[in-house]
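Dropping protein.cif in here (mmCIF, C-alpha atoms and all ligand atoms):
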data_start
loop_
_atom_site.group_PDB
_atom_site.id
_atom_site.type_symbol
_atom_site.label_atom_id
_atom_site.label_comp_id
_atom_site.auth_asym_id
_atom_site.auth_seq_id
_atom_site.Cartn_x
_atom_site.Cartn_y
_atom_site.Cartn_z
ATOM 1 C CA MET A 1 15.537 14.859 22.394
ATOM 2 C CA MET A 2 11.772 15.283 22.528
ATOM 3 C CA MET A 3 9.840 12.317 21.258
ATOM 4 C CA LYS A 4 7.777 12.830 18.147
ATOM 5 C CA LYS A 5 4.055 13.460 18.594
ATOM 6 C CA CYS A 6 1.438 11.253 16.968
ATOM 7 C CA PRO A 7 1.204 12.108 13.248
ATOM 8 C CA VAL A 8 -2.532 11.295 13.339
ATOM 9 C CA CYS A 9 -3.853 13.114 16.420
ATOM 10 C CA ASN A 10 -0.806 15.108 17.621
ATOM 11 C CA SER A 11 -0.886 13.613 21.147
ATOM 12 C CA PRO A 12 2.289 12.472 22.909
ATOM 13 C CA GLY A 13 3.471 8.897 22.460
ATOM 14 C CA GLU A 14 5.374 6.417 24.611
ATOM 15 C CA LYS A 15 8.047 3.905 23.650
ATOM 16 C CA GLU A 16 6.577 0.679 22.301
ATOM 17 C CA ARG A 17 9.704 -1.136 21.068
ATOM 18 C CA GLN A 18 13.151 -0.495 19.643
ATOM 19 C CA VAL A 19 14.127 -1.621 16.146
ATOM 20 C CA GLY A 20 17.753 -0.929 15.233
ATOM 21 C CA LYS A 21 18.503 2.658 16.265
ATOM 22 C CA TYR A 22 14.867 3.776 16.046
ATOM 23 C CA TYR A 23 12.055 3.599 18.570
ATOM 24 C CA LEU A 24 8.502 2.818 17.629
ATOM 25 C CA LEU A 25 6.166 5.006 19.673
ATOM 26 C CA LYS A 26 2.545 4.342 20.571
ATOM 27 C CA CYS A 27 0.163 7.290 20.834
ATOM 28 C CA ARG A 28 -1.282 7.592 24.343
ATOM 29 C CA LEU A 29 -4.612 8.807 22.985
ATOM 30 C CA CYS A 30 -5.325 6.904 19.747
ATOM 31 C CA SER A 31 -2.865 3.939 20.089
ATOM 32 C CA PHE A 32 -1.336 4.594 16.670
ATOM 33 C CA VAL A 33 2.205 3.200 16.371
ATOM 34 C CA TYR A 34 4.791 5.276 14.484
ATOM 35 C CA ALA A 35 8.550 5.640 14.137
ATOM 36 C CA ASP A 36 10.296 8.288 16.232
ATOM 37 C CA ALA A 37 11.978 9.761 13.142
ATOM 38 C CA THR A 38 11.990 13.205 11.556
ATOM 39 C CA ASP A 39 10.375 13.924 8.179
ATOM 40 C CA GLU A 40 13.890 14.327 6.766
ATOM 41 C CA GLN A 41 15.043 10.908 8.034
ATOM 42 C CA ILE A 42 11.921 9.278 6.596
ATOM 43 C CA GLU A 43 12.164 10.993 3.216
ATOM 44 C CA GLN A 44 15.911 10.404 2.981
ATOM 45 C CA VAL A 45 15.222 6.657 2.915
ATOM 46 C CA ASN A 46 11.969 6.623 0.948
ATOM 47 C CA PHE A 47 12.924 9.059 -1.811
ATOM 48 C CA ASN A 48 16.102 7.244 -2.715
ATOM 49 C CA PHE A 49 14.954 3.735 -3.505
ATOM 50 C CA GLY A 50 17.794 2.635 -5.745
ATOM 51 C CA ASP A 51 18.313 -0.332 -8.028
ATOM 52 C CA LEU A 52 18.440 -2.766 -5.100
ATOM 53 C CA VAL A 53 14.819 -1.993 -4.250
ATOM 54 C CA LYS A 54 13.916 -2.114 -7.936
ATOM 55 C CA CYS A 55 15.328 -5.651 -8.134
ATOM 56 C CA HIS A 56 13.755 -6.600 -4.827
ATOM 57 C CA TYR A 57 10.298 -5.653 -6.161
ATOM 58 C CA ARG A 58 10.903 -7.709 -9.263
ATOM 59 C CA GLU A 59 11.822 -10.674 -7.070
ATOM 60 C CA VAL A 60 9.026 -10.504 -4.523
ATOM 61 C CA GLN A 61 6.313 -9.621 -7.010
ATOM 62 C CA SER A 62 4.928 -12.966 -7.893
ATOM 63 C CA SER A 63 2.073 -14.190 -10.022
ATOM 64 C CA ILE A 64 0.027 -13.899 -6.823
ATOM 65 C CA ASP A 65 0.516 -10.111 -6.943
ATOM 66 C CA VAL A 66 -0.502 -10.014 -10.585
ATOM 67 C CA LEU A 67 -3.651 -12.025 -9.851
ATOM 68 C CA TRP A 68 -4.323 -9.845 -6.839
ATOM 69 C CA PHE A 69 -3.963 -6.613 -8.854
ATOM 70 C CA GLU A 70 -6.145 -8.070 -11.582
ATOM 71 C CA ARG A 71 -8.829 -8.703 -8.987
ATOM 72 C CA ILE A 72 -8.544 -5.158 -7.569
ATOM 73 C CA SER A 73 -8.708 -3.491 -10.988
ATOM 74 C CA ARG A 74 -11.698 -5.613 -12.015
ATOM 75 C CA SER A 75 -13.686 -4.886 -8.856
ATOM 76 C CA LEU A 76 -12.912 -1.135 -8.879
ATOM 77 C CA THR A 77 -13.660 -0.477 -12.560
ATOM 78 C CA GLN A 78 -16.718 -2.783 -12.797
ATOM 79 C CA GLY A 79 -16.546 -2.949 -16.557
ATOM 80 C CA LYS A 80 -16.476 0.831 -17.112
ATOM 81 C CA GLU A 81 -13.911 2.131 -19.606
ATOM 82 C CA GLY A 82 -12.188 5.502 -19.817
ATOM 83 C CA LEU A 83 -11.935 5.956 -16.039
ATOM 84 C CA LYS A 84 -9.155 8.237 -14.843
ATOM 85 C CA VAL A 85 -6.961 6.311 -12.415
ATOM 86 C CA LEU A 86 -4.036 7.520 -10.304
ATOM 87 C CA ASP A 87 -1.794 5.016 -8.507
ATOM 88 C CA ILE A 88 0.308 6.623 -5.780
ATOM 89 C CA GLY A 89 3.545 4.745 -5.130
ATOM 90 C CA CYS A 90 3.168 3.112 -8.546
ATOM 91 C CA GLY A 91 6.761 1.743 -8.555
ATOM 92 C CA ASN A 92 7.215 -0.421 -11.643
ATOM 93 C CA GLY A 93 3.567 -0.027 -12.672
ATOM 94 C CA VAL A 94 2.298 -3.566 -12.053
ATOM 95 C CA LEU A 95 -1.095 -2.317 -10.846
ATOM 96 C CA LEU A 96 -1.425 0.416 -13.485
ATOM 97 C CA ARG A 97 -0.870 -2.119 -16.258
ATOM 98 C CA GLN A 98 -3.974 -3.965 -15.041
ATOM 99 C CA PHE A 99 -5.974 -0.737 -15.201
ATOM 100 C CA GLN A 100 -4.588 -0.052 -18.691
ATOM 101 C CA LYS A 101 -5.904 -3.437 -19.826
ATOM 102 C CA ARG A 102 -9.348 -2.335 -18.661
ATOM 103 C CA GLY A 103 -9.307 0.801 -20.795
ATOM 104 C CA CYS A 104 -8.493 3.310 -18.038
ATOM 105 C CA VAL A 105 -6.553 6.550 -18.510
ATOM 106 C CA CYS A 106 -3.619 5.935 -16.178
ATOM 107 C CA PHE A 107 -1.448 8.203 -14.043
ATOM 108 C CA GLY A 108 1.230 7.248 -11.524
ATOM 109 C CA SER A 109 3.229 8.952 -8.826
ATOM 110 C CA ASP A 110 6.414 7.638 -7.241
ATOM 111 C CA PRO A 111 9.598 9.318 -5.970
ATOM 112 C CA SER A 112 11.847 6.369 -6.886
ATOM 113 C CA PRO A 113 14.499 7.449 -9.410
ATOM 114 C CA TRP A 114 13.630 4.533 -11.728
ATOM 115 C CA ALA A 115 9.845 5.068 -11.753
ATOM 116 C CA ARG A 116 10.082 7.194 -14.916
ATOM 117 C CA GLU A 117 11.584 4.471 -17.099
ATOM 118 C CA TYR A 118 8.605 2.192 -16.331
ATOM 119 C CA ALA A 119 6.118 5.007 -17.022
ATOM 120 C CA GLN A 120 7.760 5.581 -20.416
ATOM 121 C CA GLN A 121 7.905 1.869 -21.170
ATOM 122 C CA TYR A 122 4.233 1.259 -20.410
ATOM 123 C CA GLY A 123 2.819 4.613 -21.484
ATOM 124 C CA TYR A 124 1.213 6.081 -18.377
ATOM 125 C CA THR A 125 1.757 9.620 -17.117
ATOM 126 C CA LEU A 126 4.097 10.063 -14.153
ATOM 127 C CA LEU A 127 3.117 12.946 -11.860
ATOM 128 C CA PRO A 128 5.127 14.578 -9.053
ATOM 129 C CA ARG A 129 4.230 13.567 -5.477
ATOM 130 C CA ILE A 130 0.646 14.458 -4.720
ATOM 131 C CA GLU A 131 1.573 17.181 -2.202
ATOM 132 C CA GLU A 132 3.393 19.057 -4.962
ATOM 133 C CA ALA A 133 1.558 18.055 -8.130
ATOM 134 C CA GLY A 134 -0.949 20.929 -7.990
ATOM 135 C CA LEU A 135 -3.692 18.591 -9.214
ATOM 136 C CA ALA A 136 -7.086 19.861 -10.311
ATOM 137 C CA PRO A 137 -9.654 19.030 -7.603
ATOM 138 C CA ASN A 138 -12.320 16.352 -8.236
ATOM 139 C CA TYR A 139 -10.420 14.902 -11.204
ATOM 140 C CA PHE A 140 -9.833 11.157 -10.740
ATOM 141 C CA ASP A 141 -12.461 8.417 -10.716
ATOM 142 C CA ILE A 142 -10.182 6.104 -8.757
ATOM 143 C CA ILE A 143 -7.043 6.665 -6.681
ATOM 144 C CA THR A 144 -5.151 3.614 -5.486
ATOM 145 C CA THR A 145 -2.268 3.576 -3.044
ATOM 146 C CA THR A 146 -0.990 0.113 -2.196
ATOM 147 C CA SER A 147 1.775 -0.386 0.367
ATOM 148 C CA THR A 148 2.608 3.313 0.348
ATOM 149 C CA LEU A 149 0.982 5.072 3.305
ATOM 150 C CA GLU A 150 3.316 3.244 5.714
ATOM 151 C CA HIS A 151 6.158 5.286 4.153
ATOM 152 C CA VAL A 152 4.527 8.727 4.346
ATOM 153 C CA ALA A 153 5.757 11.093 7.081
ATOM 154 C CA ARG A 154 2.512 13.102 7.234
ATOM 155 C CA PRO A 155 -0.354 10.695 6.580
ATOM 156 C CA ILE A 156 -3.191 13.137 7.377
ATOM 157 C CA GLU A 157 -1.996 15.801 4.932
ATOM 158 C CA HIS A 158 -1.288 13.113 2.332
ATOM 159 C CA LEU A 159 -4.791 11.675 2.654
ATOM 160 C CA LYS A 160 -6.360 15.137 2.402
ATOM 161 C CA HIS A 161 -4.568 15.676 -0.920
ATOM 162 C CA ILE A 162 -5.839 12.315 -2.173
ATOM 163 C CA ILE A 163 -9.427 13.078 -1.159
ATOM 164 C CA ALA A 164 -9.253 16.488 -2.846
ATOM 165 C CA ALA A 165 -8.052 14.958 -6.118
ATOM 166 C CA VAL A 166 -10.758 12.288 -6.370
ATOM 167 C CA LYS A 167 -14.189 13.039 -7.878
ATOM 168 C CA GLU A 168 -17.338 13.255 -5.813
ATOM 169 C CA GLY A 169 -18.568 9.668 -5.540
ATOM 170 C CA GLY A 170 -15.104 8.468 -6.626
ATOM 171 C CA ILE A 171 -13.161 5.700 -4.934
ATOM 172 C CA ILE A 172 -9.945 5.585 -2.938
ATOM 173 C CA TYR A 173 -8.462 2.119 -2.486
ATOM 174 C CA LEU A 174 -5.638 1.817 0.010
ATOM 175 C CA THR A 175 -3.579 -1.030 1.449
ATOM 176 C CA VAL A 176 -0.931 -1.072 4.195
ATOM 177 C CA PRO A 177 0.876 -3.808 6.125
ATOM 178 C CA ASN A 178 -1.135 -4.905 9.166
ATOM 179 C CA TYR A 179 0.696 -4.181 12.433
ATOM 180 C CA GLY A 180 -1.928 -6.366 14.110
ATOM 181 C CA SER A 181 -1.073 -9.383 11.913
ATOM 182 C CA LEU A 182 -0.405 -12.789 13.453
ATOM 183 C CA PRO A 183 3.381 -12.876 12.861
ATOM 184 C CA ILE A 184 3.833 -9.343 14.188
ATOM 185 C CA CYS A 185 1.670 -10.023 17.253
ATOM 186 C CA LEU A 186 3.827 -13.072 17.937
ATOM 187 C CA ARG A 187 6.945 -10.929 17.275
ATOM 188 C CA LEU A 188 8.114 -13.344 14.580
ATOM 189 C CA VAL A 189 8.753 -10.701 11.939
ATOM 190 C CA LYS A 190 11.166 -7.810 11.749
ATOM 191 C CA GLY A 191 12.851 -6.894 8.467
ATOM 192 C CA ARG A 192 10.400 -6.288 5.708
ATOM 193 C CA LEU A 193 7.399 -5.353 7.864
ATOM 194 C CA VAL A 194 8.877 -3.610 10.889
ATOM 195 C CA ASP A 195 11.515 -1.460 9.307
ATOM 196 C CA PRO A 196 11.853 2.141 10.535
ATOM 197 C CA PRO A 197 12.384 4.811 9.385
ATOM 198 C CA GLY A 198 11.417 3.666 5.819
ATOM 199 C CA HIS A 199 8.235 2.264 7.323
ATOM 200 C CA CYS A 200 7.193 5.100 9.608
ATOM 201 C CA ASN A 201 3.481 4.261 10.123
ATOM 202 C CA TYR A 202 2.268 0.992 11.661
ATOM 203 C CA PHE A 203 -1.492 0.668 11.249
ATOM 204 C CA THR A 204 -3.840 -1.812 12.843
ATOM 205 C CA ALA A 205 -7.457 -2.094 11.649
ATOM 206 C CA LYS A 206 -8.471 0.113 14.589
ATOM 207 C CA THR A 207 -5.916 2.871 14.007
ATOM 208 C CA LEU A 208 -6.522 2.841 10.247
ATOM 209 C CA ARG A 209 -10.277 3.358 10.834
ATOM 210 C CA ASN A 210 -9.386 6.157 13.243
ATOM 211 C CA LEU A 211 -7.326 7.874 10.526
ATOM 212 C CA PHE A 212 -10.509 8.304 8.462
ATOM 213 C CA MET A 213 -12.342 9.746 11.474
ATOM 214 C CA GLN A 214 -10.040 12.748 11.758
ATOM 215 C CA LYS A 215 -11.305 16.284 11.259
ATOM 216 C CA GLY A 216 -11.022 17.413 7.643
ATOM 217 C CA ILE A 217 -11.319 13.809 6.415
ATOM 218 C CA LYS A 218 -14.486 12.273 7.874
ATOM 219 C CA GLU A 219 -16.658 15.172 6.624
ATOM 220 C CA LYS A 220 -15.549 14.469 3.051
ATOM 221 C CA ILE A 221 -16.212 10.760 2.847
ATOM 222 C CA SER A 222 -19.505 8.913 2.688
ATOM 223 C CA HIS A 223 -18.355 5.355 3.189
ATOM 224 C CA VAL A 224 -15.308 3.508 4.580
ATOM 225 C CA ARG A 225 -14.675 -0.211 4.783
ATOM 226 C CA VAL A 226 -11.518 -1.515 6.501
ATOM 227 C CA HIS A 227 -10.462 -5.099 7.032
ATOM 228 C CA SER A 228 -7.469 -7.373 7.039
ATOM 229 C CA TYR A 229 -6.692 -9.848 4.274
ATOM 230 C CA GLY A 230 -3.848 -11.998 3.054
ATOM 231 C CA ILE A 231 -2.145 -15.112 4.333
ATOM 232 C CA PRO A 232 0.514 -13.944 6.796
ATOM 233 C CA GLU A 233 3.983 -13.996 5.214
ATOM 234 C CA ILE A 234 2.706 -15.298 1.896
ATOM 235 C CA HIS A 235 5.777 -13.965 0.094
ATOM 236 C CA ALA A 236 8.176 -15.939 2.274
ATOM 237 C CA VAL A 237 6.142 -19.076 1.624
ATOM 238 C CA TYR A 238 5.939 -18.299 -2.096
ATOM 239 C CA ARG A 239 9.660 -17.628 -2.419
ATOM 240 C CA TRP A 240 10.474 -20.898 -0.705
ATOM 241 C CA PHE A 241 7.991 -22.685 -2.960
ATOM 242 C CA SER A 242 9.164 -20.985 -6.157
ATOM 243 C CA LYS A 243 12.719 -22.194 -5.533
ATOM 244 C CA LYS A 244 11.328 -25.663 -6.091
ATOM 245 C CA ILE A 245 9.976 -24.643 -9.508
ATOM 246 C CA PRO A 246 12.258 -24.155 -12.559
ATOM 247 C CA PRO A 247 13.027 -20.415 -13.056
ATOM 248 C CA THR A 248 11.246 -20.234 -16.442
ATOM 249 C CA ALA A 249 8.036 -19.683 -14.449
ATOM 250 C CA HIS A 250 9.103 -16.012 -14.042
ATOM 251 C CA THR A 251 8.660 -14.543 -17.505
ATOM 252 C CA ASN A 252 6.453 -11.848 -18.958
ATOM 253 C CA GLN A 253 3.734 -14.439 -19.372
ATOM 254 C CA SER A 254 3.110 -14.230 -15.648
ATOM 255 C CA HIS A 255 1.610 -10.760 -16.271
ATOM 256 C CA LYS A 256 -1.124 -12.305 -18.379
ATOM 257 C CA PRO A 257 -2.594 -14.908 -16.094
ATOM 258 C CA LYS A 258 -5.205 -17.172 -17.578
ATOM 259 C CA ARG A 259 -8.156 -16.895 -15.273
ATOM 260 C CA THR A 260 -8.427 -20.572 -14.611
ATOM 261 C CA PHE A 261 -10.522 -21.982 -11.810
ATOM 262 C CA SER A 262 -7.449 -22.888 -9.769
ATOM 263 C CA LYS A 263 -5.949 -19.393 -9.987
ATOM 264 C CA LYS A 264 -9.264 -17.820 -9.017
ATOM 265 C CA ALA A 265 -9.514 -20.239 -6.127
ATOM 266 C CA LEU A 266 -5.929 -19.474 -5.099
ATOM 267 C CA ILE A 267 -6.493 -15.731 -4.956
ATOM 268 C CA ASN A 268 -9.751 -16.181 -3.046
ATOM 269 C CA ILE A 269 -7.986 -18.393 -0.510
ATOM 270 C CA TYR A 270 -5.244 -15.779 -0.232
ATOM 271 C CA TYR A 271 -7.769 -12.990 0.277
ATOM 272 C CA TRP A 272 -10.211 -14.605 2.687
ATOM 273 C CA SER A 273 -7.740 -16.494 4.853
ATOM 274 C CA GLY A 274 -6.431 -13.228 6.307
ATOM 275 C CA MET A 275 -9.897 -12.135 7.406
ATOM 276 C CA PRO A 276 -10.582 -14.070 10.640
ATOM 277 C CA PHE A 277 -9.802 -12.072 13.812
ATOM 278 C CA GLY A 278 -8.121 -9.343 11.731
ATOM 279 C CA LEU A 279 -4.789 -11.219 11.803
ATOM 280 C CA GLY A 280 -4.029 -11.110 8.050
ATOM 281 C CA ASP A 281 -0.844 -9.828 6.468
ATOM 282 C CA LYS A 282 -2.393 -6.625 5.105
ATOM 283 C CA LEU A 283 -5.158 -4.102 5.676
ATOM 284 C CA GLU A 284 -7.296 -2.722 2.897
ATOM 285 C CA ALA A 285 -9.549 0.324 2.977
ATOM 286 C CA LEU A 286 -12.182 1.228 0.432
ATOM 287 C CA ILE A 287 -13.298 4.849 0.753
ATOM 288 C CA VAL A 288 -16.009 6.629 -1.203
ATOM 289 C CA LYS A 289 -15.879 10.410 -1.421
ATOM 290 C CA LYS A 290 -19.057 12.386 -0.667
HETATM 291 ZN ZN ZN B 301 -2.709 9.583 18.135
#
This structure in structure tokens:
Amino acid sequence: MMMKKCPVCNSPGEKERQVGKYYLLKCRLCSFVYADATDEQIEQVNFNFGDLVKCHYREVQSSIDVLWFERISRSLTQGKEGLKVLDIGCGNGVLLRQFQKRGCVCFGSDPSPWAREYAQQYGYTLLPRIEEAGLAPNYFDIITTTSTLEHVARPIEHLKHIIAAVKEGGIIYLTVPNYGSLPICLRLVKGRLVDPPGHCNYFTAKTLRNLFMQKGIKEKISHVRVHSYGIPEIHAVYRWFSKKIPPTAHTNQSHKPKRTFSKKALINIYYWSGMPFGLGDKLEALIVKK
């Protein structure tokens, strides 16, 4: 069978490594790494996240995530109320609830069968996937998409839809796992981070920047900032650590963190420690539309 062409620049790729029955390919032109899987294989996995994934999210989402999302929502809204926010891949709505607290009008999008029950519970509007939602152009002040683009079979088309839906001067905030992270470079991690075909896109800081340089995208944006952040494998460390703490620590209270000095310090350590040499767990991109 013919190997899949690069979903970013459409050049041929060569085998980079095998994970289970799938190959990861590396584009010969732009070095982007992607799974050799069809759109159908990718969507089959990603559109059917059942209750196991729902429970998994509840388990791995720690008070660090809540603090992290609080920080994101604070820095993106900058005290303004009434902003229209769309979170793509909103899952159980952890990020949207932070935006709701800041007086935003919130919308989510997620193909998981259980996404609707969270939208109803927390009172934000659930939209169809952005490719099919028929959204009015230039509508949202902010679009966030955290840990989602690695699941999307056609990242260029997806990004074009996002850019079209955001207002002129509006913000797109995006995070993906970092394929250039320390544990992946040392080949210590498979599982959660290198998991085709569910994860079909494997960005490094370089290939993520290159995504925003593609025709039809770069003309529409005025500013892009990309860098790595996050202590590598923080969730593994946290899960090990949280086993040492009585389970009562995981209640609804964890969604209302008191912004104490130590928690602020913790989240700053988490954020900045992934910065040196681009080896952090995650990549973030902040994009401003022209
Ligand atoms: Zn390419």
Distance query Glu132 in chain A at most 10 Å, only C-alpha atoms, self and fewer than 4 positions along chain excluded, as a list in words =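 Here the qualifying residues turn out to be Leu127, Pro128 and His161 of chain A.
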Expanded to explicit residues, what is the PyMOL selection byres (((not hetatm)) within 6 of (chain B and resi 301)) for this file, as a PDB file with C-alpha atoms, keeping the file's coordinate frame?
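Saved as selection-v6.pdb:
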ATOM      1  CA  CYS A   6       1.438  11.253  16.968  1.00  0.00           C
ATOM      2  CA  VAL A   8      -2.532  11.295  13.339  1.00  0.00           C
ATOM      3  CA  CYS A   9      -3.853  13.114  16.420  1.00  0.00           C
ATOM      4  CA  ASN A  10      -0.806  15.108  17.621  1.00  0.00           C
ATOM      5  CA  SER A  11      -0.886  13.613  21.147  1.00  0.00           C
ATOM      6  CA  CYS A  27       0.163   7.290  20.834  1.00  0.00           C
ATOM      7  CA  LEU A  29      -4.612   8.807  22.985  1.00  0.00           C
ATOM      8  CA  CYS A  30      -5.325   6.904  19.747  1.00  0.00           C
ATOM      9  CA  SER A  31      -2.865   3.939  20.089  1.00  0.00           C
ATOM     10  CA  PHE A  32      -1.336   4.594  16.670  1.00  0.00           C
TER      11      PHE A  32
END
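Distance-wise, CA of Asn92 in chain A and CA of Lys54 in chain A end up 7.8 Å apart.
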For range 218-227 of chain A, list every protein, DNA or RNA residue within 7 Å, evaluated using only C-alpha atoms, and leave out those in the same chain fewer than 5 positions away; present the list as number ranges by chain.
-> A: 205, 209, 212-213, 278, 283-290
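Taking only C-alpha atoms, the non-local environment of Ser147 in chain A within 9 Å (same-chain residues fewer than 6 positions away omitted) comprises A:Gly89, A:Leu174, A:Thr175, A:Val176, A:Pro177, A:Lys282.
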Could you tell me how far CA of Ile163 in chain A lies from CA of Asn138 in chain A, in Å and to one decimal?
-> 8.3 Å
Between A:Leu95, A:Ala153, A:Val166, A:Ala115, which has the minimum distance to Asp51 in chain A (counting all atoms listed in the file)?
->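 Among A:Leu95, A:Ala153, A:Val166, A:Ala115, it is A:Ala115 that comes nearest to Asp51 in chain A.
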